[in-house]
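S.K.: One structure, pasted below without further comment.
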Amino acid sequence: RTVVENHGDVLISRNPALNADRQIEEIRGLIADGVRVLFINPVGGTRMDTVLAEARAARVIVIAIDTNIAEEGYVAATVVSENERAGAQCAAHLITHADGGRIALLKHSEAQRIEGFRTAIAAHPSFQVVAEAECSGQLEIAMPVMAEMLAAHPEIDVVMALNDPAALGAIAALQSAGRAPTDTMVYGVDGVPESRDLIRAGWMTATAVQ
């Protein structure tokens, strides 16, 4: 926003709340409003083709962020993080700081961070994934999902979350279950301020900052 506004331009933000249909309608509204450039973090990378074809027809430059578009011909550029590496970094920290663990994974099917983590621990049989569930990277989804996994697998002592909001949801579930900060190692990705505070407080083990 700072760079855009310093150039005398205007940045308009929209939040589809993880709803692909809502995002498509928001993009159509932005095209109708005459935007010249569209930065998109696609909710459904395989569902955006039609609306992005409309953007191209309207001469809107499209730049995808974090998630690839299925039909790359509709975008001028794609900017992505090294997501698998972020997960691998969390795994490397875990392997260095624990002899073994029973792991719960909080994942999102379109994110590669968990796969990077899973691949890195595969060579270490003392670490076992005992539960995994989708949470879309959302705190409000991760908390009840984590509570269910804890009820089914009380032996869980490591949580790998695809991002920090999901990790915060897991920590809330751990606190509700009466776990002490030292009972469970919790990992996230992004390095948001809240996670740094929780690391200092002992509730969170580490976060990979991209």
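Going through the structure tokens in order, the chains are called A, B, and so on, while each chain numbers its residues from 1 and the ligands are numbered from 1 in the order shown.
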Excluding same-chain residues fewer than 6 positions from Glu115 of chain A, what lies within 9 Å of it counting only C-alpha atoms, as a list of chain:residue names?
M.R.: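 Selected residues are A:Asn83, A:Glu84, A:Gly87, A:Ala88.
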S.K.: Just the residues within 12 Å of Arg56 of chain A, please, counting only C-alpha atoms, with nothing from its chain fewer than 2 positions along; format it as an NGL selection string.
M.R.: :A and (27-28 or 31 or 35-38 or 49-54 or 58-63 or 72-76)
S.K.: Write out the residues from the selection above, keeping N, CA, C and O atoms, as a compact mmCIF listing (two decimals), in the first residue's frame.
M.R.:
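The new file result-v7.txt reads:
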```
# COMPACT_ATOMS: atom_id res chain seq x y z
N ILE A 27 -13.84 -9.71 -8.00
CA ILE A 27 -12.98 -9.38 -9.15
C ILE A 27 -13.80 -8.72 -10.25
O ILE A 27 -13.38 -7.72 -10.84
N ARG A 28 -14.99 -9.25 -10.51
CA ARG A 28 -15.85 -8.64 -11.53
C ARG A 28 -16.20 -7.20 -11.15
O ARG A 28 -16.25 -6.32 -12.00
N ILE A 31 -13.13 -5.04 -11.85
CA ILE A 31 -12.99 -4.80 -13.29
C ILE A 31 -13.97 -3.71 -13.72
O ILE A 31 -13.62 -2.78 -14.46
N VAL A 35 -10.19 -0.92 -12.46
CA VAL A 35 -8.83 -1.10 -11.94
C VAL A 35 -7.88 -1.42 -13.09
O VAL A 35 -8.28 -2.01 -14.10
N ARG A 36 -6.63 -1.03 -12.93
CA ARG A 36 -5.63 -1.27 -13.98
C ARG A 36 -4.76 -2.49 -13.67
O ARG A 36 -4.23 -3.12 -14.58
N VAL A 37 -4.58 -2.79 -12.38
CA VAL A 37 -3.77 -3.93 -11.96
C VAL A 37 -4.53 -4.69 -10.88
O VAL A 37 -5.14 -4.09 -10.00
N LEU A 38 -4.50 -6.02 -10.96
CA LEU A 38 -5.17 -6.87 -9.97
C LEU A 38 -4.15 -7.81 -9.34
O LEU A 38 -3.54 -8.63 -10.02
N ASP A 49 -10.31 -19.11 -14.05
CA ASP A 49 -10.02 -18.91 -15.47
C ASP A 49 -11.00 -17.95 -16.14
O ASP A 49 -10.59 -17.03 -16.86
N THR A 50 -12.29 -18.16 -15.93
CA THR A 50 -13.29 -17.35 -16.64
C THR A 50 -13.19 -15.88 -16.27
O THR A 50 -13.14 -15.00 -17.15
N VAL A 51 -13.11 -15.59 -14.96
CA VAL A 51 -13.09 -14.20 -14.54
C VAL A 51 -11.75 -13.54 -14.90
O VAL A 51 -11.71 -12.34 -15.21
N LEU A 52 -10.67 -14.30 -14.91
CA LEU A 52 -9.38 -13.72 -15.29
C LEU A 52 -9.30 -13.51 -16.79
O LEU A 52 -8.60 -12.60 -17.26
N ALA A 53 -10.04 -14.32 -17.56
CA ALA A 53 -10.15 -14.04 -18.99
C ALA A 53 -10.88 -12.72 -19.21
O ALA A 53 -10.53 -11.93 -20.10
N GLU A 54 -11.87 -12.44 -18.36
CA GLU A 54 -12.58 -11.16 -18.42
C GLU A 54 -11.63 -10.02 -18.07
O GLU A 54 -11.69 -8.94 -18.68
N ALA A 58 -10.33 -6.87 -20.46
CA ALA A 58 -10.44 -5.48 -20.04
C ALA A 58 -9.07 -4.81 -19.88
O ALA A 58 -8.98 -3.70 -19.37
N ARG A 59 -8.02 -5.50 -20.31
CA ARG A 59 -6.64 -5.00 -20.25
C ARG A 59 -6.16 -4.75 -18.81
O ARG A 59 -5.40 -3.81 -18.55
N VAL A 60 -6.64 -5.58 -17.88
CA VAL A 60 -6.18 -5.51 -16.49
C VAL A 60 -4.97 -6.43 -16.33
O VAL A 60 -5.01 -7.60 -16.72
N ILE A 61 -3.89 -5.90 -15.77
CA ILE A 61 -2.70 -6.71 -15.49
C ILE A 61 -2.97 -7.52 -14.23
O ILE A 61 -3.35 -6.97 -13.20
N VAL A 62 -2.76 -8.83 -14.29
CA VAL A 62 -3.04 -9.72 -13.16
C VAL A 62 -1.74 -10.30 -12.62
O VAL A 62 -0.93 -10.85 -13.38
N ILE A 63 -1.53 -10.16 -11.31
CA ILE A 63 -0.36 -10.72 -10.63
C ILE A 63 -0.86 -11.64 -9.52
O ILE A 63 -1.57 -11.20 -8.61
N GLU A 72 -1.91 -20.29 -16.50
CA GLU A 72 -0.95 -19.22 -16.26
C GLU A 72 -0.98 -18.14 -17.34
O GLU A 72 -0.45 -17.05 -17.15
N GLY A 73 -1.59 -18.42 -18.48
CA GLY A 73 -1.66 -17.44 -19.54
C GLY A 73 -2.46 -16.21 -19.17
O GLY A 73 -2.37 -15.18 -19.86
N TYR A 74 -3.23 -16.30 -18.10
CA TYR A 74 -4.05 -15.17 -17.68
C TYR A 74 -3.31 -14.21 -16.75
O TYR A 74 -3.85 -13.15 -16.41
N VAL A 75 -2.12 -14.58 -16.29
CA VAL A 75 -1.41 -13.74 -15.33
C VAL A 75 -0.10 -13.24 -15.92
O VAL A 75 0.56 -13.94 -16.70
N ALA A 76 0.27 -12.01 -15.54
CA ALA A 76 1.53 -11.44 -15.99
C ALA A 76 2.70 -12.00 -15.19
O ALA A 76 3.82 -12.11 -15.70
```
S.K.: Which residues are near Gln112 of chain A? Cut-off 12 Å, only C-alpha atoms, ignore same chain within fewer than 6 positions. Put them as a list of chain:residue names.
M.R.: A:Asp66, A:Thr67, A:Asn68, A:Val80, A:Ser81, A:Glu82, A:Asn83, A:Glu84, A:Arg85, A:Ala86, A:Gly87, A:Ala88, A:Arg118, A:Thr119, A:Ala161, A:Leu162, A:Asn163, A:Val189
S.K.: Suppose we keep C-alpha atoms; can you now write the selection as an mmCIF file, in the first residue's frame?
M.R.:
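For reference, selection34.cif as written:
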```cif
data_model
loop_
_atom_site.group_PDB
_atom_site.id
_atom_site.type_symbol
_atom_site.label_atom_id
_atom_site.label_comp_id
_atom_site.auth_asym_id
_atom_site.auth_seq_id
_atom_site.Cartn_x
_atom_site.Cartn_y
_atom_site.Cartn_z
ATOM 1 C CA ASP A 66 1.169 -17.211 -2.998
ATOM 2 C CA THR A 67 -1.007 -19.584 -5.055
ATOM 3 C CA ASN A 68 -0.633 -20.515 -8.694
ATOM 4 C CA VAL A 80 5.207 -17.352 -4.365
ATOM 5 C CA SER A 81 7.074 -18.131 -1.176
ATOM 6 C CA GLU A 82 9.260 -21.207 -0.764
ATOM 7 C CA ASN A 83 6.451 -22.947 1.092
ATOM 8 C CA GLU A 84 7.952 -26.424 1.193
ATOM 9 C CA ARG A 85 11.156 -24.971 2.607
ATOM 10 C CA ALA A 86 9.215 -23.248 5.399
ATOM 11 C CA GLY A 87 7.777 -26.594 6.487
ATOM 12 C CA ALA A 88 11.174 -28.250 6.206
ATOM 13 C CA ARG A 118 6.230 -34.302 6.283
ATOM 14 C CA THR A 119 9.028 -35.050 3.809
ATOM 15 C CA ALA A 161 0.330 -25.818 11.632
ATOM 16 C CA LEU A 162 0.496 -24.491 8.084
ATOM 17 C CA ASN A 163 0.455 -20.899 9.387
ATOM 18 C CA VAL A 189 4.734 -20.219 9.623
#
```
S.K.: Give me the residues of segment 18-105 of chain A that have any atom at most 10 Å from an atom of segment 135-156 of chain A; for each, the nearest atom pair and the distance in Å, rounded to one decimal. Use only C-alpha atoms, sort by chain and number, and format it as a tab-separated table.
M.R.:
```
residue	atom	partner	partner_atom	distance
A:Leu18	CA	A:Ser136	CA	8.1
A:Gly101	CA	A:Ile156	CA	7.6
A:Arg102	CA	A:Ile156	CA	4.9
A:Ile103	CA	A:Ile156	CA	5.7
A:Ala104	CA	A:Ile156	CA	6.4
A:Leu105	CA	A:Met146	CA	9.1
```
S.K.: Run DSSP on the backbone and grab whatever in chain A lands in helix (DSSP H, G or I); send it over as number ranges by chain.
M.R.: A: 2-6, 20-32, 49-57, 72-74, 83-97, 113-121, 139-152, 164-176, 193-201
S.K.: Show me, as number ranges by chain, the residues that have an atom within 12 Å of segment 201-205 of chain A when counting only C-alpha atoms, minus same-chain residues fewer than 5 positions from it.
M.R.: A: 90-91, 93-94, 97-98, 157-161, 164-175, 179-189, 191, 194-196
